[in-house]
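Student: Below is the file structure11.json, which contains JSON, C-alpha atoms.
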[["chain", "number", "residue", "atom", "x", "y", "z"],
["A", 1, "MET", "CA", 1.67, 13.28, 57.33],
["A", 2, "GLU", "CA", 3.93, 12.81, 60.33],
["A", 3, "LEU", "CA", 6.43, 15.54, 61.09],
["A", 4, "THR", "CA", 9.89, 14.25, 62.02],
["A", 5, "ASP", "CA", 11.82, 17.41, 62.89],
["A", 6, "ASP", "CA", 11.40, 18.86, 66.40],
["A", 7, "HIS", "CA", 11.29, 22.42, 65.08],
["A", 8, "ALA", "CA", 8.71, 21.53, 62.40],
["A", 9, "ILE", "CA", 6.52, 19.93, 65.09],
["A", 10, "ILE", "CA", 6.86, 22.98, 67.34],
["A", 11, "GLU", "CA", 5.98, 25.30, 64.47],
["A", 12, "ALA", "CA", 2.89, 23.20, 63.66],
["A", 13, "VAL", "CA", 1.75, 23.22, 67.30],
["A", 14, "LEU", "CA", 2.24, 26.97, 67.59],
["A", 15, "LYS", "CA", 0.18, 27.44, 64.41],
["A", 16, "GLY", "CA", -2.72, 25.57, 66.02],
["A", 17, "ASP", "CA", -2.13, 21.88, 65.25],
["A", 18, "LYS", "CA", -2.15, 20.70, 68.88],
["A", 19, "GLN", "CA", -2.16, 17.03, 67.79],
["A", 20, "ALA", "CA", 1.33, 17.45, 66.30],
["A", 21, "TYR", "CA", 2.75, 17.56, 69.83],
["A", 22, "ALA", "CA", 2.19, 13.79, 69.98],
["A", 23, "GLY", "CA", 5.37, 13.52, 67.86],
["A", 24, "ILE", "CA", 7.35, 15.23, 70.63],
["A", 25, "VAL", "CA", 5.76, 12.98, 73.25],
["A", 26, "ARG", "CA", 6.63, 9.82, 71.27],
["A", 27, "ARG", "CA", 10.19, 10.99, 70.69],
["A", 28, "TYR", "CA", 11.03, 12.04, 74.26],
["A", 29, "GLN", "CA", 8.85, 10.15, 76.75],
["A", 30, "ASN", "CA", 11.05, 7.04, 76.97],
["A", 31, "LYS", "CA", 14.26, 9.08, 76.99],
["A", 32, "LEU", "CA", 12.97, 11.29, 79.81],
["A", 33, "TYR", "CA", 11.65, 8.33, 81.78],
["A", 34, "GLY", "CA", 15.02, 6.57, 81.40],
["A", 35, "LEU", "CA", 16.87, 9.66, 82.55],
["A", 36, "PHE", "CA", 14.71, 10.01, 85.67],
["A", 37, "ARG", "CA", 15.10, 6.31, 86.51],
["A", 38, "LYS", "CA", 18.86, 6.45, 86.11],
["A", 39, "MET", "CA", 19.00, 9.53, 88.31],
["A", 40, "GLY", "CA", 17.38, 7.53, 91.10],
["A", 41, "SER", "CA", 13.65, 8.20, 90.75],
["A", 42, "SER", "CA", 11.22, 5.39, 91.46],
["A", 43, "GLU", "CA", 9.07, 4.09, 88.60],
["A", 44, "ALA", "CA", 6.08, 6.13, 89.75],
["A", 45, "ASP", "CA", 8.14, 9.30, 90.25],
["A", 46, "ALA", "CA", 9.84, 8.84, 86.87],
["A", 47, "GLN", "CA", 6.45, 8.49, 85.19],
["A", 48, "ASP", "CA", 5.12, 11.57, 86.99],
["A", 49, "LEU", "CA", 8.22, 13.62, 86.21],
["A", 50, "THR", "CA", 8.11, 12.55, 82.56],
["A", 51, "GLN", "CA", 4.48, 13.65, 82.29],
["A", 52, "GLU", "CA", 5.17, 16.92, 84.12],
["A", 53, "THR", "CA", 8.14, 17.65, 81.84],
["A", 54, "LEU", "CA", 6.14, 17.04, 78.67],
["A", 55, "LEU", "CA", 3.22, 19.15, 79.94],
["A", 56, "LYS", "CA", 5.45, 22.01, 81.05],
["A", 57, "ALA", "CA", 7.29, 21.94, 77.72],
["A", 58, "TYR", "CA", 3.93, 22.05, 75.90],
["A", 59, "ARG", "CA", 2.74, 25.02, 77.95],
["A", 60, "LYS", "CA", 6.00, 26.91, 77.43],
["A", 61, "LEU", "CA", 6.55, 25.89, 73.81],
["A", 62, "ALA", "CA", 6.33, 29.48, 72.58],
["A", 63, "ALA", "CA", 9.26, 30.36, 74.87],
["A", 64, "HIS", "CA", 11.61, 27.87, 73.15],
["A", 65, "ASN", "CA", 14.28, 29.58, 71.08],
["A", 66, "PRO", "CA", 14.34, 27.83, 67.67],
["A", 67, "ALA", "CA", 18.05, 28.65, 67.34],
["A", 68, "GLN", "CA", 18.75, 26.32, 70.27],
["A", 69, "SER", "CA", 18.46, 22.56, 70.59],
["A", 70, "PHE", "CA", 14.98, 21.43, 71.60],
["A", 71, "ALA", "CA", 16.47, 18.32, 73.25],
["A", 72, "GLY", "CA", 18.68, 20.48, 75.45],
["A", 73, "TRP", "CA", 15.72, 22.70, 76.32],
["A", 74, "ILE", "CA", 13.41, 19.82, 77.32],
["A", 75, "TYR", "CA", 16.18, 18.11, 79.35],
["A", 76, "THR", "CA", 16.74, 21.39, 81.19],
["A", 77, "ILE", "CA", 13.05, 21.43, 82.12],
["A", 78, "ALA", "CA", 13.29, 17.79, 83.24],
["A", 79, "ILE", "CA", 16.31, 18.30, 85.46],
["A", 80, "ASN", "CA", 14.87, 21.44, 87.01],
["A", 81, "LEU", "CA", 11.61, 19.61, 87.79],
["A", 82, "GLN", "CA", 13.52, 16.76, 89.40],
["A", 83, "LYS", "CA", 15.56, 19.18, 91.50],
["A", 84, "ASP", "CA", 12.43, 21.12, 92.49],
["A", 85, "ARG", "CA", 10.66, 17.95, 93.48],
["A", 86, "GLY", "CA", 13.64, 16.74, 95.51],
["A", 87, "ALA", "CA", 13.53, 13.29, 93.96],
["A", 88, "ARG", "CA", 15.19, 10.75, 96.23],
["A", 89, "LYS", "CA", 17.51, 8.01, 95.18],
["A", 90, "THR", "CA", 15.94, 4.59, 95.14],
["A", 91, "ALA", "CA", 16.95, 1.23, 93.83],
["A", 92, "SER", "CA", 16.14, 1.03, 90.19],
["A", 93, "SER", "CA", 16.69, -1.17, 87.21],
["A", 94, "LEU", "CA", 17.50, -0.16, 83.70],
["A", 95, "GLN", "CA", 14.98, -0.67, 80.95],
["A", 96, "GLU", "CA", 16.01, -2.96, 78.18],
["A", 97, "ASN", "CA", 15.27, -1.75, 74.69],
["A", 98, "SER", "CA", 16.27, -4.58, 72.41],
["A", 99, "TYR", "CA", 14.91, -5.34, 68.98],
["A", 100, "GLU", "CA", 16.80, -8.57, 68.30],
["A", 101, "PRO", "CA", 15.56, -11.88, 69.66],
["A", 102, "GLU", "CA", 17.81, -12.93, 72.50],
["A", 103, "THR", "CA", 18.42, -16.10, 74.40],
["A", 104, "PRO", "CA", 17.44, -16.21, 78.06],
["A", 105, "GLU", "CA", 21.15, -16.44, 78.96],
["A", 106, "SER", "CA", 22.12, -13.37, 76.94],
["A", 107, "MET", "CA", 19.17, -11.43, 78.37],
["A", 108, "LEU", "CA", 20.21, -12.34, 81.90],
["A", 109, "LEU", "CA", 23.84, -11.41, 81.24],
["A", 110, "LYS", "CA", 22.82, -8.07, 79.71],
["A", 111, "LYS", "CA", 20.54, -7.34, 82.67],
["A", 112, "GLU", "CA", 23.31, -8.18, 85.15],
["A", 113, "LEU", "CA", 25.82, -6.00, 83.30],
["A", 114, "ARG", "CA", 23.40, -3.07, 83.18],
["A", 115, "SER", "CA", 22.55, -3.51, 86.85],
["A", 116, "GLU", "CA", 26.25, -3.56, 87.72],
["A", 117, "LEU", "CA", 26.89, -0.45, 85.62],
["A", 118, "HIS", "CA", 23.94, 1.28, 87.28],
["A", 119, "LEU", "CA", 25.34, 0.39, 90.72],
["A", 120, "LEU", "CA", 28.73, 1.76, 89.69],
["A", 121, "LEU", "CA", 27.10, 4.99, 88.51],
["A", 122, "GLU", "CA", 25.31, 5.25, 91.88],
["A", 123, "GLU", "CA", 28.74, 5.49, 93.54],
["A", 124, "LEU", "CA", 29.62, 8.62, 91.58],
["A", 125, "PRO", "CA", 28.70, 12.09, 92.84],
["A", 126, "GLU", "CA", 25.36, 13.24, 91.42],
["A", 127, "HIS", "CA", 26.85, 15.88, 89.09],
["A", 128, "TYR", "CA", 29.22, 13.28, 87.57],
["A", 129, "ARG", "CA", 26.37, 10.80, 87.11],
["A", 130, "LEU", "CA", 24.08, 13.43, 85.56],
["A", 131, "VAL", "CA", 26.67, 14.58, 83.04],
["A", 132, "LEU", "CA", 27.55, 10.99, 82.04],
["A", 133, "LEU", "CA", 23.89, 10.08, 81.59],
["A", 134, "LEU", "CA", 23.18, 13.15, 79.49],
["A", 135, "ARG", "CA", 26.30, 12.54, 77.39],
["A", 136, "TYR", "CA", 26.13, 8.79, 76.80],
["A", 137, "THR", "CA", 22.51, 7.79, 77.36],
["A", 138, "ASN", "CA", 20.90, 10.79, 75.71],
["A", 139, "GLN", "CA", 23.76, 11.58, 73.27],
["A", 140, "LEU", "CA", 23.82, 15.29, 74.08],
["A", 141, "SER", "CA", 26.82, 17.41, 73.15],
["A", 142, "HIS", "CA", 29.01, 19.04, 75.78],
["A", 143, "GLN", "CA", 27.52, 22.40, 74.75],
["A", 144, "GLU", "CA", 23.94, 21.14, 75.27],
["A", 145, "ILE", "CA", 24.89, 19.66, 78.65],
["A", 146, "ALA", "CA", 26.47, 22.97, 79.64],
["A", 147, "GLY", "CA", 23.22, 24.75, 78.79],
["A", 148, "ILE", "CA", 21.19, 22.28, 80.84],
["A", 149, "THR", "CA", 23.42, 22.23, 83.91],
["A", 150, "GLY", "CA", 24.57, 25.85, 83.93],
["A", 151, "MET", "CA", 28.22, 24.80, 83.68],
["A", 152, "SER", "CA", 30.70, 25.94, 81.08],
["A", 153, "VAL", "CA", 31.57, 23.61, 78.20],
["A", 154, "ARG", "CA", 35.06, 23.28, 79.70],
["A", 155, "GLN", "CA", 33.59, 22.21, 83.06],
["A", 156, "VAL", "CA", 31.43, 19.60, 81.32],
["A", 157, "THR", "CA", 34.47, 18.26, 79.46],
["A", 158, "ASN", "CA", 36.42, 18.07, 82.72],
["A", 159, "ILE", "CA", 33.56, 16.34, 84.54],
["A", 160, "VAL", "CA", 33.19, 13.73, 81.78],
["A", 161, "PHE", "CA", 36.93, 13.06, 81.98],
["A", 162, "ARG", "CA", 36.98, 12.91, 85.79],
["A", 163, "ALA", "CA", 33.84, 10.77, 85.94],
["A", 164, "LYS", "CA", 35.41, 8.22, 83.60],
["A", 165, "ILE", "CA", 38.54, 8.11, 85.75],
["A", 166, "SER", "CA", 36.40, 7.72, 88.89],
["A", 167, "LEU", "CA", 34.43, 4.89, 87.30],
["A", 168, "ARG", "CA", 37.66, 3.16, 86.26],
["A", 169, "LYS", "CA", 39.01, 3.43, 89.83],
["A", 170, "ILE", "CA", 35.77, 2.04, 91.27],
["A", 171, "VAL", "CA", 35.89, -0.90, 88.85],
["A", 172, "GLU", "CA", 39.57, -1.56, 89.59],
["A", 173, "ALA", "CA", 38.92, -1.42, 93.34],
["A", 174, "LYS", "CA", 36.04, -3.87, 93.02],
["A", 175, "GLU", "CA", 38.11, -6.19, 90.83],
["A", 176, "GLY", "CA", 40.92, -6.02, 93.40],
["A", 177, "LYS", "CA", 38.52, -6.99, 96.20],
["A", 178, "ARG", "CA", 37.18, -9.88, 94.14],
["A", 179, "SER", "CA", 40.73, -11.09, 93.47],
["A", 180, "ASP", "CA", 41.57, -10.84, 97.18],
["A", 181, "ILE", "CA", 38.44, -12.78, 98.13],
["A", 182, "LEU", "CA", 39.08, -15.46, 95.50],
["A", 183, "GLY", "CA", 42.74, -15.73, 96.51],
["A", 184, "ALA", "CA", 41.83, -16.11, 100.18],
["A", 185, "TYR", "CA", 39.18, -18.69, 99.30],
["A", 186, "ARG", "CA", 41.60, -20.73, 97.15],
["A", 187, "LYS", "CA", 44.29, -20.53, 99.81],
["A", 188, "GLU", "CA", 41.81, -21.70, 102.48],
["A", 189, "LYS", "CA", 40.69, -24.62, 100.32],
["A", 190, "SER", "CA", 44.26, -25.74, 99.61],
["A", 191, "GLN", "CA", 45.18, -25.94, 103.30],
["A", 192, "PRO", "CA", 44.50, -29.31, 104.99]]
How does the structure come out when it is put into structure tokens?
Tutor:
Amino acid sequence: MELTDDHAIIEAVLKGDKQAYAGIVRRYQNKLYGLFRKMGSSEADAQDLTQETLLKAYRKLAAHNPAQSFAGWIYTIAINLQKDRGARKTASSLQENSYEPETPESMLLKKELRSELHLLLEELPEHYRLVLLLRYTNQLSHQEIAGITGMSVRQVTNIVFRAKISLRKIVEAKEGKRSDILGAYRKEKSQP
């Protein structure tokens, strides 16, 4: 029988069923890996940090407060490990998790759009990028993000708002540059 609730899995592990922790590993390993990659870790570093996070969470499982979100707790461990390790930003690509068959053209377009979004996120300050990734990639609430980052819920709300505005400005600036380049190119071509 496979346990599906985080707290049920934790309870089983703490009662001696060490194999039950595999449910936690399956549930969080890809999410953690994706978070580390999007925060600028290389593939190898993201894999190492994912493994370290899962091991540290296992060792400290008894310290988890069942009244709090397990997801928020494990992401806190992950972010602290990354900070402690001093993970450097590197070029990275986003993983594609698609279950529908796609055409090569749609796959290429999706990859380009994700790469462009990732590049736009790279232009944001780290605390903006972290909060956006936790909110929209990992679907954490503002309260959970506040617990992970040590900010107040109000600060998280403000950062999400400001990060969205910053992203919009970056996109508009890039679109403006593209328009200027295209306009100059068209003007140059039309002159004899």
Student: What's the 10 Å shell around stretch 14-19 of chain A, counting only C-alpha atoms, without same-chain residues fewer than 3 positions away, as a ChimeraX atom specification?
Tutor: /A:8-11,22-23,58,61-62
Student: Measuring between all atoms listed in the file, which one of A:Gln143, A:Gln82, A:Asn65, A:Gln29 shows the shortest distance to A:Gln51?
Tutor: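 Nearest to A:Gln51: A:Gln29.
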Student: Could you tell me how far atom CA of A:Asn158 sits from atom CA of A:Tyr28, in Å to one decimal place?
Tutor: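 Spanning atom CA of A:Tyr28 to atom CA of A:Asn158 is a straight-line distance of 27.4 Å.
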Student: One decimal, Å: what's the distance from atom CA of A:Val171 over to atom CA of A:Leu124, could you say?
Tutor: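 A separation of 11.7 Å between them.
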Student: Given the choices A:His7, A:Lys83, A:Lys38, A:His64, which gets closest to A:Arg129 if the distance is worked out from all atoms listed in the file?
Tutor: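 Selected residue with least distance to A:Arg129: A:Lys38.
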Student: What gap, in Å, lies between atom CA of A:Ile77 and atom CA of A:Glu144?
Tutor: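 A separation of 12.9 Å between them.
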Student: Using only the atoms of stretch 11-14 of chain A listed in the file, plus 5 Å on each side, state the axis-aligned box centre and edge lengths in Å rounded to one decimal, as JSON.
Tutor:
{"center_x": 3.9, "center_y": 25.1, "center_z": 65.6, "size_x": 14.2, "size_y": 13.8, "size_z": 13.9}
Student: Can you tell me which residues surround A:Leu134 at a distance of at most 10 Å, considering all atoms listed in the file, apart from same-chain residues fewer than 3 positions away, and format the answer as JSON, numbers by chain?
Tutor: {"A": [35, 72, 75, 129, 130, 131, 137, 138, 139, 140, 141, 142, 144, 145, 148]}
Student: As a PDB file with C-alpha atoms, in the coordinates of the input, please: the residues near A:Gln155 (cut-off 12 Å, all atoms listed in the file, same-chain neighbours under 3 positions excluded).
Tutor:
ATOM      1  CA  HIS A 127      26.850  15.880  89.090  1.00  0.00           C
ATOM      2  CA  TYR A 128      29.220  13.280  87.570  1.00  0.00           C
ATOM      3  CA  VAL A 131      26.670  14.580  83.040  1.00  0.00           C
ATOM      4  CA  HIS A 142      29.010  19.040  75.780  1.00  0.00           C
ATOM      5  CA  GLN A 143      27.520  22.400  74.750  1.00  0.00           C
ATOM      6  CA  ILE A 145      24.890  19.660  78.650  1.00  0.00           C
ATOM      7  CA  ALA A 146      26.470  22.970  79.640  1.00  0.00           C
ATOM      8  CA  GLY A 147      23.220  24.750  78.790  1.00  0.00           C
ATOM      9  CA  THR A 149      23.420  22.230  83.910  1.00  0.00           C
ATOM     10  CA  GLY A 150      24.570  25.850  83.930  1.00  0.00           C
ATOM     11  CA  MET A 151      28.220  24.800  83.680  1.00  0.00           C
ATOM     12  CA  SER A 152      30.700  25.940  81.080  1.00  0.00           C
ATOM     13  CA  ASN A 158      36.420  18.070  82.720  1.00  0.00           C
ATOM     14  CA  ILE A 159      33.560  16.340  84.540  1.00  0.00           C
ATOM     15  CA  VAL A 160      33.190  13.730  81.780  1.00  0.00           C
ATOM     16  CA  PHE A 161      36.930  13.060  81.980  1.00  0.00           C
ATOM     17  CA  ARG A 162      36.980  12.910  85.790  1.00  0.00           C
ATOM     18  CA  ALA A 163      33.840  10.770  85.940  1.00  0.00           C
TER      19      ALA A 163
END
